[in-house]
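What follows is a single structure, written as structure tokens, with notes after it.
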Amino acid sequence: MRVVDFGDVALHWREDGDPAGMPLVFANSLGTDLRLWDGVVTLLPKGVRVIRYDMRGHGLSACPSAPYAMGTLVRDAERLLEHLGISDCVFIGLSIGGMVAQRLAVKRPDLVRALVLSNTAVKMGTAAMWEERIAAIRSGGIAALTDAIMERWFSPDFRGKPELGLWRAMLERTPVEGYVGCSAAIAGTDLLTPTSGLRLPVLGIAGSEDGASPPDLVRETVDLVPGAEFALMRGAGHLPCVEQPEAYAGLLSEFVAGLM
């Protein structure tokens with residue numbers, strides 16, 4: 001377990017792979033932690049340096065009081081990369097992690113050489129929708145929304161597997177302040193203009209059964225960047241790296257190979 005304390009927040013992070021390899025940085029989705037990527041990391045090619053971290057309010061990172069701003073989440077990622085001496089990384093973000101990726105690439109192009117935008121968009125939902133969700137969680141806790149969230153996260157086939165219980169538990173153990181803090185960041189974010197100005201290699205990944213960021217939404221985001229690639233994972237939901245780790249790792253490996 002590694003933790004770096006920036007004063008206003010302490011971030012938990014982990015490193016795997018080749019310390020001298022191409023850096024791949026993974027950012028988790030709302031309601032998950034760095035274990036989101038466990039099934040993928042072991043399948044990546046040799047010669048890459050894998051950095052994962054828990055977003056503030058998630059996993060073993062500190063949980064400041066809500067709300068959070070997207071700029072704050074981007075600054076967290078920026079400071080972690082600087083602390084680790086990382087530049088020119090491939091930044092892989094899923095859902096809110098993908099929003100952080102987009103904004104970081106605009107703010108600090110020296111830190112990011114390529115993006116993988118997984119199950120994300122320039123704008124996710126409406127402010128009113130997020131405010132309603134925040135109020136519901138404040139009132140009844142995350143568990144009150146777990147069933148609906150599982151339906152958005154996973155395909156019907158996966159929801160019938162025993163492993164679903166692990167992801168229910170991860171979601172419900174997310175601190176309320178962390179969940180609503182990041183929800184507020186999503187609610188206040190529209191990246192259409194900055195993302196439209198990006199000029200770097202991009203791979204977009206969508207799941208055909210994704211109820212949180214449907215494929216068309218992901219494709220519309222990816223299409224904003226000239227030359228970007230798009231991959232649709234059939235039969236997968238919002239967390240395709242969990243449902244189909246081999247296929248997901250294959251997409252990442254092919255994309256990274258094209259950058260070497």
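Quick note on naming: the chains in the structure tokens go A, B, ... in the order shown, residues restart at 1 in each chain, and ligands are numbered from 1 in order of appearance.
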Q.
Could you list, as number ranges by chain, every residue within 9 Å of region 233-241 of chain A, counting only C-alpha atoms and ignoring same-chain residues fewer than 2 positions away?
A. A: 29, 36-40, 94-95, 118-120, 151-158, 205-214, 231, 243-249
Output N, CA, C and O atoms for every residue in that selection, as a short mmCIF file (atom, residue, chain, number, x, y, z; two decimals), in the first residue's frame.
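Listed below is the output, again.cif:
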data_model
loop_
_atom_site.label_atom_id
_atom_site.label_comp_id
_atom_site.auth_asym_id
_atom_site.auth_seq_id
_atom_site.Cartn_x
_atom_site.Cartn_y
_atom_site.Cartn_z
N SER A 29 -13.77 4.49 -11.82
CA SER A 29 -15.10 5.06 -12.00
C SER A 29 -15.74 5.40 -10.66
O SER A 29 -15.22 5.02 -9.59
N LEU A 36 -10.74 -2.11 -9.65
CA LEU A 36 -11.49 -2.18 -10.89
C LEU A 36 -10.66 -2.79 -12.01
O LEU A 36 -11.19 -3.46 -12.90
N TRP A 37 -9.35 -2.57 -11.96
CA TRP A 37 -8.46 -2.95 -13.06
C TRP A 37 -7.72 -4.26 -12.81
O TRP A 37 -6.87 -4.64 -13.62
N ASP A 38 -8.00 -4.95 -11.70
CA ASP A 38 -7.25 -6.15 -11.35
C ASP A 38 -7.22 -7.18 -12.47
O ASP A 38 -6.17 -7.78 -12.75
N GLY A 39 -8.35 -7.43 -13.11
CA GLY A 39 -8.42 -8.45 -14.13
C GLY A 39 -7.67 -8.11 -15.40
O GLY A 39 -7.32 -9.00 -16.19
N VAL A 40 -7.42 -6.83 -15.61
CA VAL A 40 -6.77 -6.36 -16.84
C VAL A 40 -5.26 -6.27 -16.69
O VAL A 40 -4.51 -6.64 -17.60
N LEU A 94 -12.08 5.49 -16.85
CA LEU A 94 -13.41 4.92 -17.06
C LEU A 94 -14.45 5.77 -16.35
O LEU A 94 -14.29 6.09 -15.17
N SER A 95 -15.48 6.16 -17.07
CA SER A 95 -16.58 6.97 -16.53
C SER A 95 -16.04 8.31 -16.02
O SER A 95 -15.46 9.06 -16.79
N SER A 118 -12.89 5.32 -21.70
CA SER A 118 -13.73 4.13 -21.57
C SER A 118 -15.05 4.48 -20.89
O SER A 118 -15.06 5.04 -19.78
N ASN A 119 -16.15 4.18 -21.57
CA ASN A 119 -17.48 4.30 -20.97
C ASN A 119 -17.65 5.67 -20.31
O ASN A 119 -18.00 5.79 -19.13
N THR A 120 -17.39 6.70 -21.10
CA THR A 120 -17.40 8.06 -20.58
C THR A 120 -17.94 9.00 -21.63
O THR A 120 -18.33 8.58 -22.73
N GLU A 151 -27.79 -2.47 -12.42
CA GLU A 151 -28.40 -2.64 -13.74
C GLU A 151 -27.70 -1.77 -14.78
O GLU A 151 -27.58 -2.17 -15.95
N ARG A 152 -27.24 -0.60 -14.38
CA ARG A 152 -26.52 0.26 -15.32
C ARG A 152 -25.10 -0.23 -15.55
O ARG A 152 -24.55 -0.08 -16.63
N TRP A 153 -24.51 -0.81 -14.50
CA TRP A 153 -23.11 -1.22 -14.57
C TRP A 153 -22.89 -2.48 -15.38
O TRP A 153 -21.87 -2.61 -16.07
N PHE A 154 -23.79 -3.46 -15.23
CA PHE A 154 -23.50 -4.80 -15.74
C PHE A 154 -24.58 -5.34 -16.65
O PHE A 154 -25.76 -5.01 -16.51
N SER A 155 -24.16 -6.22 -17.54
CA SER A 155 -25.09 -6.90 -18.44
C SER A 155 -25.96 -7.88 -17.65
O SER A 155 -25.59 -8.30 -16.55
N PRO A 156 -27.11 -8.26 -18.19
CA PRO A 156 -27.96 -9.24 -17.50
C PRO A 156 -27.22 -10.53 -17.18
O PRO A 156 -27.43 -11.11 -16.10
N ASP A 157 -26.38 -11.01 -18.08
CA ASP A 157 -25.65 -12.25 -17.82
C ASP A 157 -24.75 -12.13 -16.60
O ASP A 157 -24.70 -13.03 -15.75
N PHE A 158 -24.03 -11.02 -16.49
CA PHE A 158 -23.11 -10.85 -15.36
C PHE A 158 -23.87 -10.69 -14.06
O PHE A 158 -23.41 -11.15 -13.01
N ILE A 205 -13.72 3.27 -25.75
CA ILE A 205 -14.27 1.93 -25.52
C ILE A 205 -15.66 2.06 -24.93
O ILE A 205 -15.87 2.82 -23.97
N ALA A 206 -16.61 1.33 -25.50
CA ALA A 206 -17.99 1.35 -25.00
C ALA A 206 -18.48 -0.08 -24.83
O ALA A 206 -17.98 -1.01 -25.47
N GLY A 207 -19.47 -0.25 -23.96
CA GLY A 207 -20.11 -1.54 -23.78
C GLY A 207 -21.52 -1.49 -24.34
O GLY A 207 -22.26 -0.52 -24.10
N SER A 208 -21.89 -2.49 -25.10
CA SER A 208 -23.20 -2.47 -25.76
C SER A 208 -24.36 -2.46 -24.76
O SER A 208 -25.45 -2.00 -25.08
N GLU A 209 -24.12 -2.95 -23.53
CA GLU A 209 -25.18 -3.02 -22.52
C GLU A 209 -25.02 -1.94 -21.45
O GLU A 209 -25.60 -2.06 -20.37
N ASP A 210 -24.25 -0.92 -21.74
CA ASP A 210 -23.96 0.13 -20.75
C ASP A 210 -25.18 1.03 -20.56
O ASP A 210 -25.60 1.73 -21.47
N GLY A 211 -25.70 1.05 -19.34
CA GLY A 211 -26.84 1.89 -19.04
C GLY A 211 -26.47 3.25 -18.49
O GLY A 211 -27.33 4.10 -18.28
N ALA A 212 -25.19 3.47 -18.21
CA ALA A 212 -24.74 4.75 -17.67
C ALA A 212 -24.16 5.66 -18.75
O ALA A 212 -24.36 6.87 -18.72
N SER A 213 -23.40 5.07 -19.67
CA SER A 213 -22.85 5.83 -20.80
C SER A 213 -23.04 4.98 -22.06
O SER A 213 -22.13 4.26 -22.46
N PRO A 214 -24.21 5.05 -22.67
CA PRO A 214 -24.52 4.23 -23.83
C PRO A 214 -23.50 4.42 -24.96
O PRO A 214 -22.85 5.48 -25.05
N ALA A 231 -14.03 1.38 -30.11
CA ALA A 231 -14.27 -0.05 -30.03
C ALA A 231 -15.52 -0.31 -29.20
O ALA A 231 -15.67 0.23 -28.09
N GLU A 243 -16.22 -7.38 -16.79
CA GLU A 243 -16.96 -8.45 -17.45
C GLU A 243 -16.13 -9.20 -18.48
O GLU A 243 -16.25 -10.42 -18.61
N GLN A 244 -15.28 -8.48 -19.21
CA GLN A 244 -14.50 -9.10 -20.28
C GLN A 244 -13.04 -8.63 -20.22
O GLN A 244 -12.56 -7.92 -21.11
N PRO A 245 -12.32 -9.00 -19.16
CA PRO A 245 -10.95 -8.48 -18.99
C PRO A 245 -10.00 -8.86 -20.11
O PRO A 245 -9.14 -8.05 -20.49
N GLU A 246 -10.15 -10.07 -20.67
CA GLU A 246 -9.24 -10.48 -21.74
C GLU A 246 -9.42 -9.62 -22.98
O GLU A 246 -8.45 -9.14 -23.58
N ALA A 247 -10.68 -9.41 -23.37
CA ALA A 247 -10.94 -8.59 -24.55
C ALA A 247 -10.53 -7.15 -24.30
O ALA A 247 -9.98 -6.48 -25.20
N TYR A 248 -10.78 -6.66 -23.10
CA TYR A 248 -10.43 -5.27 -22.76
C TYR A 248 -8.90 -5.09 -22.81
O TYR A 248 -8.39 -4.13 -23.40
N ALA A 249 -8.17 -6.04 -22.20
CA ALA A 249 -6.72 -5.96 -22.20
C ALA A 249 -6.18 -6.06 -23.63
O ALA A 249 -5.16 -5.42 -23.96
#
task = Write out as a ChimeraX atom specification each polymer residue whose atoms come within 12 Å of region 181-188 of chain A, counting only C-alpha atoms; drop sequence neighbours fewer than 2 positions from it.
result = /A:28-32,55-58,63-74,95-100,120-135,137-138,174-179,190-191
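Shortest atom-to-atom contact with Asp76 (chain A) among A:Leu11, A:Ile142, A:Leu217, A:Val225: A:Leu11, counting only C-alpha atoms.
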Can you list, as an MDAnalysis selection string, every residue of region 1-232 of chain A that DSSP puts in strand (DSSP E or B)?
-> chainID A and resid 2:5 10:17 22:27 48:53 89:94 112:118 202:207 229:232
I'd like the neighbourhood of Val222 (chain A) as a list in words, where a residue qualifies if any of its atoms comes within 8 Å (using only C-alpha atoms), though same-chain residues fewer than 3 positions away should be ignored.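 Neighbouring residues, sequence-local ones excluded: Leu117, Val202, Leu203, Gly204, Val218, Arg219, Val225, Ala228, Glu229 and Phe230 of chain A.
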Alpha helix (DSSP H) positions in region 145-244 of chain A, given as a PyMOL selection string: chain A and resi 146-153+156-159+164-172+176-187+192-196+215-222+240-243
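Here CA of Arg103 (chain A) and CA of Glu78 (chain A) stand 10.4 Å from one another.
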Determine, counting only C-alpha atoms, which protein, DNA and RNA residues have an atom within 8 Å of an atom of Leu198 (chain A); residues of the same chain fewer than 4 positions away are not included. Present the result as a PyMOL selection string. chain A and resi 105-106+194+225
